[in-house]
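Below you'll find the structure, written out as structure tokens, and then a few comments.
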Amino acid sequence: MTEVMIGVDLAKSVIQIHGASMSGRLLFRKKLSRGQFLRFMESQSGAVVVMEACSSAHYWAQELATLGHEVKLIAPQYVRPFVKRQKNDAADAEAIVVAAQRPEMRFVEPKSEDQQAKAVLFRARKRIVRQRTELVNALRAVLYEYGHVVPLGLGHIKRMEALVDDADSALPKLVREECSDLLAQISEKTARIEDKTKKIAGLAQQSNVARRLKTMPGVGPMVALAVEAFAPAMDSFKCGRYFAAWLGLVPRQFSSGGK
């Protein structure tokens, strides 16, 4: 049985660690660089390593798991109540250990490298969609300045393109050139979005989990691969209601909490 728990407060350059026994007795406190941290963890026998779930936590979870440690991630909001007095790196590392030793504590499942890669693809597509929406709204705003009202939505892009190309639309030459440039950027963003959508569909076809999810009514390749990329393993949920709660599909609480 593992007898040591190590709380790790991650940062870009300096990492603070707090080692304690399972009964809470302090064993060591250290402030290490990234290279020193990895070497120190290599020298340690198998321990329970706890970190706050953040952008780099999943990378470190994979690295430490290969060294034989049991890695747990904890949501930052569950650590905050256990920070003593002023907040600093050492206090955060200690609070992580205290919070993790609570018997009722819930942990975040570490992501695999494959999940991280798919999540990057989804975020990249989402970012380009947001940029395209910004460009479409900018084009609508310019046309509105010259008396052309176009409804919201990408479906009206052809209408805006026709207005820009129409010689009778009373747009100055300079404005027409800028609108044409916006249309070219929108077209380029659309092509990139379609390319990433095809890539997601291809990955969903290759994945056994995604193929099974697509057999459910209303679930396409985008949703199926998103579940695989962002959701933890299904065996970590006690039942389907727990998974629904993880998605956020829960009723809002308006009562006093008694019922």
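Ordering of the structure tokens sets the chain letters (A, B, ...), residue numbers begin anew at 1 in every chain, and ligands are numbered from 1 in the order given.
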
If we count only C-alpha atoms and set the cut-off at 9 Å, which residues sit around Pro232 in chain A, ignoring sequence neighbours fewer than 3 positions away in its own chain? Please answer as an mmCIF file with C-alpha atoms, in the first residue's frame.
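Output file selection01.cif is given in full below:
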```
data_model
loop_
_atom_site.group_PDB
_atom_site.id
_atom_site.type_symbol
_atom_site.label_atom_id
_atom_site.label_comp_id
_atom_site.auth_asym_id
_atom_site.auth_seq_id
_atom_site.Cartn_x
_atom_site.Cartn_y
_atom_site.Cartn_z
ATOM 1 C CA VAL A 108 -10.776 14.443 -12.351
ATOM 2 C CA GLU A 109 -9.822 11.615 -14.686
ATOM 3 C CA PRO A 110 -6.451 12.322 -16.397
ATOM 4 C CA LYS A 111 -6.640 12.530 -20.186
ATOM 5 C CA VAL A 227 -17.524 12.484 -26.158
ATOM 6 C CA GLU A 228 -14.444 10.345 -26.704
ATOM 7 C CA ALA A 229 -12.089 13.347 -26.661
ATOM 8 C CA ASP A 235 -16.718 3.186 -16.094
ATOM 9 C CA SER A 236 -15.840 6.161 -13.882
ATOM 10 C CA PHE A 237 -19.570 7.043 -13.720
#
```

Exercise. Hey, what's within 10 Å of Val14 in chain A if we count only C-alpha atoms and toss same-chain stuff fewer than 5 positions away? As a list in words, please?
Worked result: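 These residues fall inside the cut-off: Asp9, Lys31, Leu32, Ser33, Arg34, Gly35, Gln36, Phe37 and Asp89 of chain A.
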
Written selection (N, CA, C and O atoms) as a compact mmCIF listing (two decimals), in the first residue's frame:
```txt
# COMPACT_ATOMS: atom_id res chain seq x y z
N ASP A 9 2.03 21.70 -6.77
CA ASP A 9 1.48 22.95 -7.29
C ASP A 9 2.26 23.30 -8.56
O ASP A 9 3.43 23.69 -8.50
N LYS A 31 10.90 23.20 -3.39
CA LYS A 31 10.63 24.05 -4.55
C LYS A 31 11.64 23.67 -5.63
O LYS A 31 12.86 23.79 -5.41
N LEU A 32 11.15 23.18 -6.76
CA LEU A 32 12.02 22.61 -7.79
C LEU A 32 11.74 23.21 -9.15
O LEU A 32 10.62 23.66 -9.42
N SER A 33 12.76 23.19 -10.00
CA SER A 33 12.55 23.54 -11.40
C SER A 33 11.91 22.35 -12.11
O SER A 33 11.78 21.26 -11.53
N ARG A 34 11.53 22.52 -13.35
CA ARG A 34 10.87 21.43 -14.08
C ARG A 34 11.78 20.21 -14.20
O ARG A 34 11.35 19.08 -13.99
N GLY A 35 13.04 20.45 -14.55
CA GLY A 35 13.98 19.34 -14.67
C GLY A 35 14.25 18.66 -13.34
O GLY A 35 14.31 17.43 -13.25
N GLN A 36 14.42 19.46 -12.29
CA GLN A 36 14.65 18.91 -10.95
C GLN A 36 13.44 18.11 -10.47
O GLN A 36 13.59 17.07 -9.83
N PHE A 37 12.25 18.59 -10.81
CA PHE A 37 11.03 17.91 -10.39
C PHE A 37 10.95 16.51 -10.98
O PHE A 37 10.66 15.54 -10.27
N ASP A 89 2.50 29.34 -3.22
CA ASP A 89 2.73 28.02 -3.81
C ASP A 89 2.81 26.92 -2.75
O ASP A 89 2.25 25.84 -2.92
```

Exercise. At what distance in Å, to one decimal, does CA of Gln131 in chain A lie from CA of Ala191 in chain A?
Worked result: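 Going from CA of Ala191 in chain A over to CA of Gln131 in chain A, I get 12.9 Å.
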
Could you list, as a PDB file with C-alpha atoms, in the first residue's frame, every residue within 12 Å of Arg132 in chain A, counting only C-alpha atoms and ignoring same-chain residues fewer than 4 positions away?
```pdb
ATOM      1  CA  ARG A 125     -12.148  24.178 -35.267  1.00  0.00           C
ATOM      2  CA  LYS A 126     -14.115  26.117 -32.658  1.00  0.00           C
ATOM      3  CA  ARG A 127     -11.580  28.960 -32.784  1.00  0.00           C
ATOM      4  CA  ILE A 128     -11.858  29.236 -36.588  1.00  0.00           C
ATOM      5  CA  VAL A 136     -19.309  37.951 -41.013  1.00  0.00           C
ATOM      6  CA  ASN A 137     -20.493  40.386 -38.339  1.00  0.00           C
ATOM      7  CA  ALA A 138     -17.875  42.923 -39.447  1.00  0.00           C
ATOM      8  CA  LEU A 139     -19.118  42.662 -43.043  1.00  0.00           C
ATOM      9  CA  GLY A 153     -26.559  34.129 -39.916  1.00  0.00           C
ATOM     10  CA  LEU A 154     -24.007  32.664 -42.260  1.00  0.00           C
ATOM     11  CA  ILE A 157     -23.434  35.369 -47.033  1.00  0.00           C
ATOM     12  CA  LEU A 182     -13.638  40.282 -45.844  1.00  0.00           C
ATOM     13  CA  LEU A 183     -15.475  37.888 -48.164  1.00  0.00           C
ATOM     14  CA  ALA A 184     -12.155  36.311 -49.186  1.00  0.00           C
ATOM     15  CA  GLN A 185     -11.228  35.800 -45.517  1.00  0.00           C
ATOM     16  CA  ILE A 186     -14.651  34.279 -44.795  1.00  0.00           C
ATOM     17  CA  SER A 187     -14.240  31.909 -47.715  1.00  0.00           C
ATOM     18  CA  GLU A 188     -10.788  30.886 -46.480  1.00  0.00           C
ATOM     19  CA  LYS A 189     -12.101  30.266 -42.946  1.00  0.00           C
ATOM     20  CA  THR A 190     -15.001  28.215 -44.342  1.00  0.00           C
ATOM     21  CA  ALA A 191     -12.597  26.010 -46.297  1.00  0.00           C
ATOM     22  CA  ARG A 192     -10.494  25.403 -43.191  1.00  0.00           C
ATOM     23  CA  ILE A 193     -13.582  24.592 -41.099  1.00  0.00           C
TER      24      ILE A 193
END
```

For this session: Give me, please, the distance in Å between CA of Lys87 in chain A and CA of Glu70 in chain A, quoted to one decimal.
Result: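 These two atoms are separated by 26.5 Å.
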
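Distances from A:Ala20, A:Leu135, A:Val8, A:Ala245 to Glu178 in chain A were compared using only C-alpha atoms, and the smallest one belongs to A:Leu135.
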
Problem set entry | Secondary structure check, alpha helix (DSSP H) residues of range 51-184 of chain A, as a ChimeraX atom specification | /A:57-66,76-79,89-100,113-145,157-165,173-184

Exercise. If we count only C-alpha atoms, what is near Phe122 in chain A at a cut-off of 10 Å, once residues fewer than 2 positions away on the same chain are taken out, given as a PyMOL selection string?
Worked result: chain A and resi 116-120+124-127+196-197+200+222+225-226+229-230

Show me a table, sorted first by chain and then by increasing residue number, of the residues of range 54-87 of chain A having an atom at most 10 Å from range 45-48 of chain A, each with its shortest atom pair and the distance in Å to one decimal, counting only C-alpha atoms and written as JSON lines.
```
{"residue": "A:Leu64", "atom": "CA", "partner": "A:Gly46", "partner_atom": "CA", "distance": 9.6}
{"residue": "A:Ala65", "atom": "CA", "partner": "A:Gly46", "partner_atom": "CA", "distance": 9.4}
{"residue": "A:Leu67", "atom": "CA", "partner": "A:Gly46", "partner_atom": "CA", "distance": 7.8}
{"residue": "A:Gly68", "atom": "CA", "partner": "A:Gly46", "partner_atom": "CA", "distance": 5.4}
{"residue": "A:His69", "atom": "CA", "partner": "A:Gly46", "partner_atom": "CA", "distance": 4.7}
{"residue": "A:Glu70", "atom": "CA", "partner": "A:Val48", "partner_atom": "CA", "distance": 4.7}
{"residue": "A:Val71", "atom": "CA", "partner": "A:Val48", "partner_atom": "CA", "distance": 5.9}
{"residue": "A:Lys72", "atom": "CA", "partner": "A:Val48", "partner_atom": "CA", "distance": 7.3}
```

Exercise. Which residues come within 12 Å of Leu27 in chain A, counting only C-alpha atoms, excluding same-chain residues fewer than 3 positions away, as a PyMOL selection string?
Worked result: chain A and resi 3-7+17-24+30+94+97

For this session: List every residue of range 7-244 of chain A that DSSP, applied to the backbone, labels as strand (DSSP E), and write the result as JSON, numbers by chain.
Result: {"A": [7, 8, 9, 14, 15, 16, 17, 18, 19, 20, 21, 26, 27, 28, 29, 30, 31, 32, 33, 48, 49, 50, 51, 52, 70, 71, 72, 73, 74]}

Exercise. What does the distance from CA of Pro151 in chain A to CA of Ser169 in chain A come to in Å, to one decimal?
Worked result: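 So the answer is 17.0 Å.
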
Problem set entry | Of the listed residues A:Asp114, A:Glu63, A:Asp195, A:Glu52, that which approaches Arg80 in chain A most closely, counting only C-alpha atoms | A:Glu52

Problem set entry | Neighbour list for Leu73 in chain A as number ranges by chain, cut-off 10 Å, only C-alpha atoms, skip fewer than 4 positions in-chain | A: 49-54, 57-58, 61, 96, 100, 106-110

Written file, previous selection with C-alpha atoms, as a PDB file, in the first residue's frame:
```pdb
ATOM      1  CA  VAL A  49       0.697  12.265  -6.617  1.00  0.00           C
ATOM      2  CA  VAL A  50      -2.083  14.845  -6.564  1.00  0.00           C
ATOM      3  CA  MET A  51      -2.254  17.962  -8.743  1.00  0.00           C
ATOM      4  CA  GLU A  52      -4.849  20.567  -9.570  1.00  0.00           C
ATOM      5  CA  ALA A  53      -6.479  19.932 -12.943  1.00  0.00           C
ATOM      6  CA  CYS A  54      -4.987  22.548 -15.278  1.00  0.00           C
ATOM      7  CA  ALA A  57      -1.629  18.590 -15.444  1.00  0.00           C
ATOM      8  CA  HIS A  58      -2.546  15.892 -17.971  1.00  0.00           C
ATOM      9  CA  ALA A  61       0.016  12.850 -15.150  1.00  0.00           C
ATOM     10  CA  ILE A  96      -3.909  19.896  -2.379  1.00  0.00           C
ATOM     11  CA  ALA A 100      -7.130  14.866  -1.537  1.00  0.00           C
ATOM     12  CA  ARG A 106     -14.028  13.563  -6.142  1.00  0.00           C
ATOM     13  CA  PHE A 107     -11.211  13.572  -8.679  1.00  0.00           C
ATOM     14  CA  VAL A 108     -10.776  14.443 -12.351  1.00  0.00           C
ATOM     15  CA  GLU A 109      -9.822  11.615 -14.686  1.00  0.00           C
ATOM     16  CA  PRO A 110      -6.451  12.322 -16.397  1.00  0.00           C
TER      17      PRO A 110
END
```
